[in-house]
Amino acid sequence: MELETDKTVGNLAASTERIQKTVTRSTWIDRKYVLHTKRAYWMLRRGQDIFFAALALVVLSPFLLVMAVVIWIDSPGASPVFSQDRVGRNGKVFRFYKFRSMVPNAEEKLADLLDRNEMDGPVFKIKDDPRITRVGRFIRKTSIDELPQLVNILKGDMSIVGPRPALPREVEQYDEYEWQRLYVSPGLTCYWQIQPHRNELSFDEWLELDLKYIKERSFLTDWKIIFKTVCVVFGMDGE
């Protein structure tokens, strides 16, 4: 069993590595096919999302409360849970939750940092963002900051696995090819999330990983990604 698991993870890493080496915008997806096939998969996956999100919230509730207090003590002045608009399936905007990892006025400071953006495309990311707090660095490294999104999963805004939800200002810059990542519900984790040094990937590499998932989606693919995500979290490989 261990050999099969190691082989599965190895194949997953190898397939995503190949995408990183050659990025060509050739992954066009038939939207009707995406929406009208694998109905049993969509229904069962929604049930799976509800079950595991509810279970995780119940089991982790004491830990989540402690983290909220720690975040507030480290950086008072705003709620320990940060919320903002994100874009979900078919362009629907929803309220997105995560533990606050930045100073309370982080959004106001963004304009002063745009010229330091290290990502291409519509995404903004810098490695040593000065807005990140002390506790924020830890919860980002361990991906603990993402746990409040279990509420989004329960509400149906997100799924456990799927492309990461984009900001409205990012989606405004999408072309027709990039808009394809909105054909499915966004997720808590995805192929991009499990990449080593994921923030070093270009936006096109990130996009191709999302489109790869949309084409390959299945319970087997989902659980491969979930298993690898757990390894990343316990290995503190987040960024």
# chains A, B, ... in the order shown; residues from 1 in each chain; ligands from 1
$ residues_around --residues "A:Phe96" --least-positions-apart "4" --cutoff "8 Å" --atoms "only C-alpha atoms" --output "list in words"
Ser83, Gln84, Asp85, Arg86, Gln149 and Asn152 of chain A
$ residues_around --residues "A:Arg89" --least-positions-apart "4" --cutoff "10 Å" --atoms "only C-alpha atoms" --output "ChimeraX atom specification"
/A:93-94,157-158,163,165,180-186
$ write_last_selection --atoms "all heavy atoms" --output "CSV table (one decimal), in the first residue's frame"
chain,number,residue,atom,x,y,z
A,93,VAL,N,-19.8,36.2,-7.6
A,93,VAL,CA,-19.0,36.8,-6.5
A,93,VAL,C,-19.5,36.3,-5.2
A,93,VAL,O,-20.7,36.3,-5.0
A,93,VAL,CB,-19.0,38.3,-6.6
A,93,VAL,CG1,-18.2,38.9,-5.4
A,93,VAL,CG2,-18.4,38.8,-7.9
A,94,PHE,N,-18.6,35.9,-4.3
A,94,PHE,CA,-19.0,35.5,-2.9
A,94,PHE,C,-18.1,36.0,-1.9
A,94,PHE,O,-17.0,36.5,-2.2
A,94,PHE,CB,-19.1,33.9,-2.9
A,94,PHE,CG,-17.7,33.3,-3.0
A,94,PHE,CD1,-17.0,32.9,-1.8
A,94,PHE,CD2,-17.2,33.0,-4.2
A,94,PHE,CE1,-15.7,32.3,-1.9
A,94,PHE,CE2,-15.9,32.4,-4.3
A,94,PHE,CZ,-15.2,32.0,-3.2
A,157,ASP,N,-20.0,27.8,-1.8
A,157,ASP,CA,-19.2,28.8,-2.6
A,157,ASP,C,-18.0,28.1,-3.1
A,157,ASP,O,-17.5,28.5,-4.2
A,157,ASP,CB,-18.8,30.0,-1.7
A,157,ASP,CG,-19.9,30.7,-1.1
A,157,ASP,OD1,-20.9,30.9,-1.7
A,157,ASP,OD2,-19.8,31.2,0.1
A,158,MET,N,-17.5,27.1,-2.4
A,158,MET,CA,-16.2,26.5,-2.8
A,158,MET,C,-16.4,25.0,-2.6
A,158,MET,O,-17.3,24.5,-2.1
A,158,MET,CB,-15.1,27.0,-1.9
A,158,MET,CG,-14.7,28.5,-2.1
A,158,MET,SD,-13.5,29.1,-0.9
A,158,MET,CE,-12.1,28.0,-1.3
A,163,PRO,N,-9.7,25.1,-8.5
A,163,PRO,CA,-8.8,26.3,-8.7
A,163,PRO,C,-9.0,27.3,-7.5
A,163,PRO,O,-10.1,27.5,-7.1
A,163,PRO,CB,-9.3,26.9,-10.0
A,163,PRO,CG,-9.9,25.8,-10.7
A,163,PRO,CD,-10.6,24.9,-9.7
A,165,PRO,N,-9.8,30.6,-5.6
A,165,PRO,CA,-10.7,31.7,-6.0
A,165,PRO,C,-9.9,33.0,-6.2
A,165,PRO,O,-9.1,33.4,-5.4
A,165,PRO,CB,-11.6,31.8,-4.8
A,165,PRO,CG,-10.8,31.3,-3.6
A,165,PRO,CD,-10.0,30.2,-4.2
A,180,GLN,N,-11.6,30.3,-18.4
A,180,GLN,CA,-12.0,28.9,-18.3
A,180,GLN,C,-11.8,28.3,-16.9
A,180,GLN,O,-12.5,27.4,-16.5
A,180,GLN,CB,-11.1,28.0,-19.3
A,180,GLN,CG,-11.4,28.3,-20.7
A,180,GLN,CD,-10.5,27.3,-21.6
A,180,GLN,OE1,-11.0,26.4,-22.2
A,180,GLN,NE2,-9.2,27.6,-21.6
A,181,ARG,N,-10.9,28.9,-16.1
A,181,ARG,CA,-10.7,28.4,-14.7
A,181,ARG,C,-12.0,28.7,-13.8
A,181,ARG,O,-12.0,28.2,-12.7
A,181,ARG,CB,-9.5,29.0,-14.1
A,181,ARG,CG,-9.5,30.4,-13.8
A,181,ARG,CD,-8.1,31.0,-13.4
A,181,ARG,NE,-7.5,30.3,-12.2
A,181,ARG,CZ,-7.7,30.6,-11.0
A,181,ARG,NH1,-8.5,31.6,-10.7
A,181,ARG,NH2,-7.1,29.9,-10.0
A,182,LEU,N,-12.9,29.5,-14.4
A,182,LEU,CA,-14.1,29.7,-13.6
A,182,LEU,C,-15.3,28.8,-14.0
A,182,LEU,O,-16.4,29.0,-13.6
A,182,LEU,CB,-14.6,31.2,-13.9
A,182,LEU,CG,-13.6,32.3,-13.5
A,182,LEU,CD1,-14.2,33.7,-13.8
A,182,LEU,CD2,-13.2,32.2,-12.1
A,183,TYR,N,-15.0,27.8,-14.8
A,183,TYR,CA,-16.0,26.8,-15.2
A,183,TYR,C,-16.4,25.9,-14.0
A,183,TYR,O,-17.5,25.3,-14.1
A,183,TYR,CB,-15.5,25.9,-16.3
A,183,TYR,CG,-15.4,26.6,-17.7
A,183,TYR,CD1,-14.9,25.9,-18.8
A,183,TYR,CD2,-15.9,27.9,-17.9
A,183,TYR,CE1,-14.8,26.5,-20.0
A,183,TYR,CE2,-15.9,28.5,-19.1
A,183,TYR,CZ,-15.3,27.8,-20.2
A,183,TYR,OH,-15.3,28.4,-21.5
A,184,VAL,N,-15.6,25.8,-13.0
A,184,VAL,CA,-15.9,24.9,-11.9
A,184,VAL,C,-15.8,25.7,-10.6
A,184,VAL,O,-15.2,26.8,-10.6
A,184,VAL,CB,-14.9,23.7,-11.8
A,184,VAL,CG1,-15.1,22.9,-13.1
A,184,VAL,CG2,-13.5,24.1,-11.6
A,185,SER,N,-16.3,25.1,-9.5
A,185,SER,CA,-16.2,25.8,-8.2
A,185,SER,C,-14.7,25.9,-7.7
A,185,SER,O,-14.0,25.0,-7.9
A,185,SER,CB,-17.0,25.0,-7.1
A,185,SER,OG,-18.4,25.0,-7.5
A,186,PRO,N,-14.4,27.1,-7.2
A,186,PRO,CA,-13.0,27.2,-6.6
A,186,PRO,C,-12.8,26.3,-5.4
A,186,PRO,O,-13.8,25.8,-4.8
A,186,PRO,CB,-12.9,28.7,-6.2
A,186,PRO,CG,-14.4,29.1,-5.9
A,186,PRO,CD,-15.2,28.3,-6.9
$ atom_distance --atom1 "atom CA of A:Trp28" --atom2 "atom CA of A:Gly47"
28.8 Å
$ select_by_dssp --residues "stretch 155-195 of chain A" --states "strand (DSSP E)" --output "PyMOL selection string"
chain A and resi 159-161+187-189
$ write_last_selection --atoms "C-alpha atoms" --output "mmCIF file, in the first residue's frame"
data_model
loop_
_atom_site.group_PDB
_atom_site.id
_atom_site.type_symbol
_atom_site.label_atom_id
_atom_site.label_comp_id
_atom_site.auth_asym_id
_atom_site.auth_seq_id
_atom_site.Cartn_x
_atom_site.Cartn_y
_atom_site.Cartn_z
ATOM 1 C CA SER A 159 -15.224 22.845 -2.903
ATOM 2 C CA ILE A 160 -12.390 21.029 -1.141
ATOM 3 C CA VAL A 161 -10.499 20.732 -4.436
ATOM 4 C CA GLY A 187 -11.286 25.035 -4.037
ATOM 5 C CA LEU A 188 -9.447 24.994 -0.743
ATOM 6 C CA THR A 189 -6.564 23.207 -2.464
#
$ residues_around --residues "stretch 60-75 of chain A" --least-positions-apart "2" --cutoff "9 Å" --atoms "only C-alpha atoms" --output "PyMOL selection string"
chain A and resi 55-58+77-81+99-104+133-136+144+147-148
$ residues_around --residues "A:Glu200" --least-positions-apart "5" --cutoff "12 Å" --atoms "only C-alpha atoms" --output "list in words"
Gln20, Asn117, Glu118, Met119, Asp120, Lys125, Ile126, Lys127, Trp192, Gln193, Gln195, Glu205, Trp206 and Glu239 of chain A
